[in-house]
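J.: So that we are looking at the same thing, I have put the structure below in structure tokens.
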Amino acid sequence: MRILGHRGASADFPENTLEAFEGAVAQGADGVELDVMVCGSGELVVCHDERLERLAGKAWEVATTPWRKLRQADVGTRLGFAPARIPLLTEVFDALPSDFVVNVELKCETVDDRGLAVAVGALLHQRQAGARAFVSSFNPLCLVRLARAYPDCPRGLLLDPDKAWWPQAYGWLPVVAKTSVHPHFSACTQARVNGWHERGWQVAAWTVDDGNEARSLRAMGVEWLITNRPAAMKRALSGGVA
């Protein structure tokens, strides 16, 4: 089982920042999961929230705010950490080791993704990152666009536990997933994991911070563990205390 830091090592550093991603490296993770959206001036920025109230105490909407302004926001202090800023996706790839895996989640809840999927595909293609990066999204339309523009790009569907299971798992998943399926850990059963493996998909379970749950998922054959606590889950999987 390989470990991905959820938004980096986000239990110990401000989420989706260079500090969190470098922290995941230091904690022995195999890679990171991060969130990407298009900001008001068109750059690919690494951020989970559509607006910055929770992260920075500002009512800025990422989709309409230019990068020159977004880069000034402090997204660390309100989370209880030192000041930190939102990075560009290119900055994250520049900062991480060349063999460090990056799970890029496309954050878009609308039909029009404003070029997000194709822009991410282009970046990964330009950087020849196919061996170290894969793309996921809750929005199947983003994955359709990515598949059309970059059919070889590794991609998987995120399964939303708050939505009906059948349309996702039996409708969209076979259509848009190329390499992986990304369920919440509570949706993983041995029968489902076996079925996904039979289709040729790897399983990336999110978000797991409990050592016993991590060991249970590993026993099912889940390949990827997405966690806020990479070091603790690595200890747990090695037989130690999380």
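A note on labels: chains of the structure tokens are A, B, ... as shown, every chain counts residues from 1, and ligands are counted from 1 in their shown order.
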Quick check for you: according to DSSP on this backbone, which residues of segment 11-160 of chain A are classed as strand (DSSP E)? Reply as a VMD selection string.
T.: chain A and resid 31 to 38 44 to 46 101 to 106 133 to 137 155 to 158
J.: I need the residues from that last selection saved to file as a PDB file, in the first residue's frame (with N, CA and C atoms), if you can.
T.:
```
ATOM      1  N   GLY A  31       3.501  10.165  -2.045  1.00  0.00           N
ATOM      2  CA  GLY A  31       3.000  11.218  -2.909  1.00  0.00           C
ATOM      3  C   GLY A  31       2.005  12.076  -2.161  1.00  0.00           C
ATOM      4  N   VAL A  32       1.342  12.958  -2.902  1.00  0.00           N
ATOM      5  CA  VAL A  32       0.333  13.834  -2.315  1.00  0.00           C
ATOM      6  C   VAL A  32      -0.913  13.859  -3.192  1.00  0.00           C
ATOM      7  N   GLU A  33      -2.018  14.162  -2.546  1.00  0.00           N
ATOM      8  CA  GLU A  33      -3.262  14.485  -3.224  1.00  0.00           C
ATOM      9  C   GLU A  33      -3.468  15.974  -3.053  1.00  0.00           C
ATOM     10  N   LEU A  34      -3.896  16.651  -4.112  1.00  0.00           N
ATOM     11  CA  LEU A  34      -4.112  18.093  -4.034  1.00  0.00           C
ATOM     12  C   LEU A  34      -5.290  18.499  -4.904  1.00  0.00           C
ATOM     13  N   ASP A  35      -5.795  19.717  -4.656  1.00  0.00           N
ATOM     14  CA  ASP A  35      -6.965  20.236  -5.356  1.00  0.00           C
ATOM     15  C   ASP A  35      -6.559  21.384  -6.280  1.00  0.00           C
ATOM     16  N   VAL A  36      -7.094  21.375  -7.494  1.00  0.00           N
ATOM     17  CA  VAL A  36      -6.723  22.399  -8.471  1.00  0.00           C
ATOM     18  C   VAL A  36      -7.964  23.025  -9.091  1.00  0.00           C
ATOM     19  N   MET A  37      -7.931  24.336  -9.253  1.00  0.00           N
ATOM     20  CA  MET A  37      -8.988  25.059  -9.953  1.00  0.00           C
ATOM     21  C   MET A  37      -8.377  26.201 -10.752  1.00  0.00           C
ATOM     22  N   VAL A  38      -9.182  26.792 -11.609  1.00  0.00           N
ATOM     23  CA  VAL A  38      -8.732  27.918 -12.425  1.00  0.00           C
ATOM     24  C   VAL A  38      -9.118  29.210 -11.719  1.00  0.00           C
ATOM     25  N   LEU A  44      -3.608  27.883 -12.977  1.00  0.00           N
ATOM     26  CA  LEU A  44      -4.017  26.703 -12.225  1.00  0.00           C
ATOM     27  C   LEU A  44      -3.506  26.848 -10.801  1.00  0.00           C
ATOM     28  N   VAL A  45      -4.432  27.087  -9.862  1.00  0.00           N
ATOM     29  CA  VAL A  45      -4.053  27.311  -8.482  1.00  0.00           C
ATOM     30  C   VAL A  45      -4.464  26.106  -7.636  1.00  0.00           C
ATOM     31  N   VAL A  46      -3.686  25.845  -6.593  1.00  0.00           N
ATOM     32  CA  VAL A  46      -3.919  24.693  -5.727  1.00  0.00           C
ATOM     33  C   VAL A  46      -4.707  25.162  -4.510  1.00  0.00           C
ATOM     34  N   VAL A 101       4.725  10.978  -6.299  1.00  0.00           N
ATOM     35  CA  VAL A 101       3.445  10.864  -6.990  1.00  0.00           C
ATOM     36  C   VAL A 101       2.541  12.050  -6.643  1.00  0.00           C
ATOM     37  N   VAL A 102       1.815  12.542  -7.648  1.00  0.00           N
ATOM     38  CA  VAL A 102       0.878  13.645  -7.434  1.00  0.00           C
ATOM     39  C   VAL A 102      -0.497  13.240  -7.967  1.00  0.00           C
ATOM     40  N   ASN A 103      -1.478  13.197  -7.064  1.00  0.00           N
ATOM     41  CA  ASN A 103      -2.871  12.958  -7.440  1.00  0.00           C
ATOM     42  C   ASN A 103      -3.546  14.320  -7.554  1.00  0.00           C
ATOM     43  N   VAL A 104      -3.822  14.733  -8.766  1.00  0.00           N
ATOM     44  CA  VAL A 104      -4.409  16.047  -9.029  1.00  0.00           C
ATOM     45  C   VAL A 104      -5.929  15.902  -9.078  1.00  0.00           C
ATOM     46  N   GLU A 105      -6.610  16.509  -8.109  1.00  0.00           N
ATOM     47  CA  GLU A 105      -8.072  16.494  -8.142  1.00  0.00           C
ATOM     48  C   GLU A 105      -8.581  17.764  -8.816  1.00  0.00           C
ATOM     49  N   LEU A 106      -9.391  17.595  -9.836  1.00  0.00           N
ATOM     50  CA  LEU A 106     -10.003  18.721 -10.532  1.00  0.00           C
ATOM     51  C   LEU A 106     -11.210  19.190  -9.730  1.00  0.00           C
ATOM     52  N   ALA A 133       1.914  11.013 -12.057  1.00  0.00           N
ATOM     53  CA  ALA A 133       0.730  11.791 -11.737  1.00  0.00           C
ATOM     54  C   ALA A 133      -0.524  11.112 -12.270  1.00  0.00           C
ATOM     55  N   PHE A 134      -1.608  11.258 -11.528  1.00  0.00           N
ATOM     56  CA  PHE A 134      -2.899  10.838 -12.051  1.00  0.00           C
ATOM     57  C   PHE A 134      -3.949  11.840 -11.607  1.00  0.00           C
ATOM     58  N   VAL A 135      -5.027  11.904 -12.374  1.00  0.00           N
ATOM     59  CA  VAL A 135      -6.049  12.929 -12.198  1.00  0.00           C
ATOM     60  C   VAL A 135      -7.323  12.282 -11.679  1.00  0.00           C
ATOM     61  N   SER A 136      -8.003  12.963 -10.763  1.00  0.00           N
ATOM     62  CA  SER A 136      -9.288  12.488 -10.268  1.00  0.00           C
ATOM     63  C   SER A 136     -10.253  13.665 -10.178  1.00  0.00           C
ATOM     64  N   SER A 137     -11.547  13.338 -10.121  1.00  0.00           N
ATOM     65  CA  SER A 137     -12.554  14.383  -9.965  1.00  0.00           C
ATOM     66  C   SER A 137     -13.885  13.752  -9.587  1.00  0.00           C
ATOM     67  N   ARG A 155      -6.426   8.591 -15.079  1.00  0.00           N
ATOM     68  CA  ARG A 155      -7.538   9.313 -14.464  1.00  0.00           C
ATOM     69  C   ARG A 155      -8.475   8.344 -13.753  1.00  0.00           C
ATOM     70  N   GLY A 156      -9.143   8.872 -12.727  1.00  0.00           N
ATOM     71  CA  GLY A 156     -10.079   8.060 -11.963  1.00  0.00           C
ATOM     72  C   GLY A 156     -11.204   8.909 -11.409  1.00  0.00           C
ATOM     73  N   LEU A 157     -12.353   8.276 -11.191  1.00  0.00           N
ATOM     74  CA  LEU A 157     -13.520   8.980 -10.679  1.00  0.00           C
ATOM     75  C   LEU A 157     -13.566   8.917  -9.160  1.00  0.00           C
ATOM     76  N   LEU A 158     -13.794  10.067  -8.543  1.00  0.00           N
ATOM     77  CA  LEU A 158     -14.067  10.132  -7.114  1.00  0.00           C
ATOM     78  C   LEU A 158     -15.535   9.809  -6.883  1.00  0.00           C
TER      79      LEU A 158
END
```
J.: Report as an mmCIF file with C-alpha atoms, in the first residue's frame all protein, DNA and RNA residues lying within 9 Å of Thr17 of chain A, evaluated on only C-alpha atoms, omitting residues in the same chain fewer than 4 positions from it.
T.:
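And here's part-v3.cif as it stands now:
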```
data_model
loop_
_atom_site.group_PDB
_atom_site.id
_atom_site.type_symbol
_atom_site.label_atom_id
_atom_site.label_comp_id
_atom_site.auth_asym_id
_atom_site.auth_seq_id
_atom_site.Cartn_x
_atom_site.Cartn_y
_atom_site.Cartn_z
ATOM 1 C CA ARG A 7 -3.733 18.105 0.640
ATOM 2 C CA GLY A 8 -0.205 17.322 1.795
ATOM 3 C CA SER A 10 -2.421 18.581 6.333
ATOM 4 C CA PHE A 13 0.820 21.966 7.973
ATOM 5 C CA PHE A 21 3.572 19.013 0.398
ATOM 6 C CA GLU A 22 7.184 19.239 1.553
ATOM 7 C CA VAL A 46 -3.919 24.693 -5.727
ATOM 8 C CA CYS A 47 -6.884 25.313 -3.460
ATOM 9 C CA VAL A 75 -4.063 30.510 4.183
ATOM 10 C CA GLY A 76 -2.081 29.284 7.176
ATOM 11 C CA ALA A 84 1.346 30.385 4.126
ATOM 12 C CA ARG A 85 0.114 31.098 0.624
ATOM 13 C CA ILE A 86 -1.752 29.390 -2.185
ATOM 14 C CA PRO A 87 0.687 27.900 -4.731
ATOM 15 C CA VAL A 92 4.170 22.257 -6.589
#
```
J.: Can you tell me which residues surround Lys234 of chain A at a distance of at most 8 Å, considering only C-alpha atoms, apart from same-chain residues fewer than 4 positions away, and format the answer as a PDB file with N, CA and C atoms, in the first residue's frame?
T.:
```
ATOM      1  N   ILE A   3       1.155   5.553   0.260  1.00  0.00           N
ATOM      2  CA  ILE A   3       0.524   6.616   1.039  1.00  0.00           C
ATOM      3  C   ILE A   3       0.584   7.948   0.296  1.00  0.00           C
ATOM      4  N   GLY A  28       7.669  10.727   4.830  1.00  0.00           N
ATOM      5  CA  GLY A  28       7.814   9.433   4.192  1.00  0.00           C
ATOM      6  C   GLY A  28       6.670   8.995   3.312  1.00  0.00           C
ATOM      7  N   ALA A  29       5.798   9.932   2.919  1.00  0.00           N
ATOM      8  CA  ALA A  29       4.710   9.586   2.008  1.00  0.00           C
ATOM      9  C   ALA A  29       5.273   9.241   0.635  1.00  0.00           C
ATOM     10  N   PRO A 230       0.414  11.255   7.082  1.00  0.00           N
ATOM     11  CA  PRO A 230       1.273  10.252   6.425  1.00  0.00           C
ATOM     12  C   PRO A 230       2.207   9.512   7.372  1.00  0.00           C
ATOM     13  N   SER A 238       3.358  -0.345   9.401  1.00  0.00           N
ATOM     14  CA  SER A 238       4.592  -1.068   9.706  1.00  0.00           C
ATOM     15  C   SER A 238       4.506  -1.823  11.030  1.00  0.00           C
ATOM     16  N   ALA A 242      -0.171   4.353  15.629  1.00  0.00           N
ATOM     17  CA  ALA A 242      -0.435   5.558  14.824  1.00  0.00           C
ATOM     18  C   ALA A 242      -0.500   6.778  15.710  1.00  0.00           C
TER      19      ALA A 242
END
```
J.: With only C-alpha atoms as the counted atoms, please give the residues lying no more than 12 Å from Lys178 of chain A, apart from itself and same-chain residues fewer than 2 positions off, as a PyMOL selection string.
T.: chain A and resi 134-136+143-144+146-147+150-157+172-176+180-182+196+199-203
J.: Create the file for the chosen residues now, containing N, CA and C atoms and written as a compact mmCIF listing (two decimals), in the first residue's frame.
T.:
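Result went into again.txt, see below:
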```
# COMPACT_ATOMS: atom_id res chain seq x y z
N PHE A 134 -1.61 11.26 -11.53
CA PHE A 134 -2.90 10.84 -12.05
C PHE A 134 -3.95 11.84 -11.61
N VAL A 135 -5.03 11.90 -12.37
CA VAL A 135 -6.05 12.93 -12.20
C VAL A 135 -7.32 12.28 -11.68
N SER A 136 -8.00 12.96 -10.76
CA SER A 136 -9.29 12.49 -10.27
C SER A 136 -10.25 13.66 -10.18
N LEU A 143 -13.61 14.72 -16.45
CA LEU A 143 -12.83 13.57 -16.90
C LEU A 143 -13.11 13.22 -18.35
N VAL A 144 -14.33 13.46 -18.81
CA VAL A 144 -14.65 13.28 -20.23
C VAL A 144 -13.81 14.22 -21.08
N LEU A 146 -10.97 15.64 -20.27
CA LEU A 146 -9.58 15.23 -20.17
C LEU A 146 -9.30 14.04 -21.08
N ALA A 147 -10.21 13.08 -21.11
CA ALA A 147 -10.04 11.89 -21.93
C ALA A 147 -10.02 12.22 -23.42
N TYR A 150 -6.56 14.32 -23.86
CA TYR A 150 -5.35 13.57 -23.51
C TYR A 150 -5.77 12.16 -23.09
N PRO A 151 -6.10 11.31 -24.06
CA PRO A 151 -6.66 9.98 -23.74
C PRO A 151 -5.74 9.09 -22.93
N ASP A 152 -4.45 9.31 -22.98
CA ASP A 152 -3.52 8.47 -22.23
C ASP A 152 -3.28 8.93 -20.80
N CYS A 153 -3.85 10.07 -20.44
CA CYS A 153 -3.63 10.61 -19.10
C CYS A 153 -4.30 9.71 -18.05
N PRO A 154 -3.57 9.23 -17.05
CA PRO A 154 -4.18 8.42 -15.99
C PRO A 154 -5.27 9.21 -15.27
N ARG A 155 -6.43 8.59 -15.08
CA ARG A 155 -7.54 9.31 -14.46
C ARG A 155 -8.47 8.34 -13.75
N GLY A 156 -9.14 8.87 -12.73
CA GLY A 156 -10.08 8.06 -11.96
C GLY A 156 -11.20 8.91 -11.41
N LEU A 157 -12.35 8.28 -11.19
CA LEU A 157 -13.52 8.98 -10.68
C LEU A 157 -13.57 8.92 -9.16
N TRP A 172 -21.20 6.31 -14.46
CA TRP A 172 -20.07 7.11 -14.90
C TRP A 172 -18.72 6.41 -14.78
N LEU A 173 -18.51 5.65 -13.72
CA LEU A 173 -17.19 5.06 -13.48
C LEU A 173 -16.66 4.27 -14.67
N PRO A 174 -17.41 3.35 -15.26
CA PRO A 174 -16.87 2.60 -16.40
C PRO A 174 -16.60 3.46 -17.63
N VAL A 175 -17.25 4.61 -17.69
CA VAL A 175 -17.10 5.49 -18.85
C VAL A 175 -15.86 6.37 -18.76
N VAL A 176 -15.60 6.91 -17.55
CA VAL A 176 -14.56 7.94 -17.45
C VAL A 176 -13.26 7.48 -16.79
N SER A 180 -8.02 4.26 -12.24
CA SER A 180 -8.28 4.18 -10.79
C SER A 180 -9.71 4.55 -10.45
N VAL A 181 -10.10 4.14 -9.23
CA VAL A 181 -11.36 4.54 -8.63
C VAL A 181 -11.05 5.07 -7.25
N HIS A 182 -11.75 6.13 -6.83
CA HIS A 182 -11.41 6.84 -5.60
C HIS A 182 -12.63 6.91 -4.67
N TRP A 196 -13.46 -3.93 -8.65
CA TRP A 196 -12.69 -2.85 -9.27
C TRP A 196 -11.38 -3.38 -9.84
N ARG A 199 -11.74 -4.98 -13.14
CA ARG A 199 -11.86 -4.01 -14.24
C ARG A 199 -10.52 -3.35 -14.57
N GLY A 200 -9.49 -3.66 -13.80
CA GLY A 200 -8.17 -3.11 -14.07
C GLY A 200 -7.88 -1.80 -13.38
N TRP A 201 -8.74 -1.41 -12.41
CA TRP A 201 -8.54 -0.15 -11.71
C TRP A 201 -7.82 -0.37 -10.38
N GLN A 202 -6.91 0.53 -10.06
CA GLN A 202 -6.38 0.59 -8.71
C GLN A 202 -7.35 1.38 -7.84
N VAL A 203 -7.27 1.14 -6.53
CA VAL A 203 -8.21 1.76 -5.59
C VAL A 203 -7.45 2.75 -4.71
```
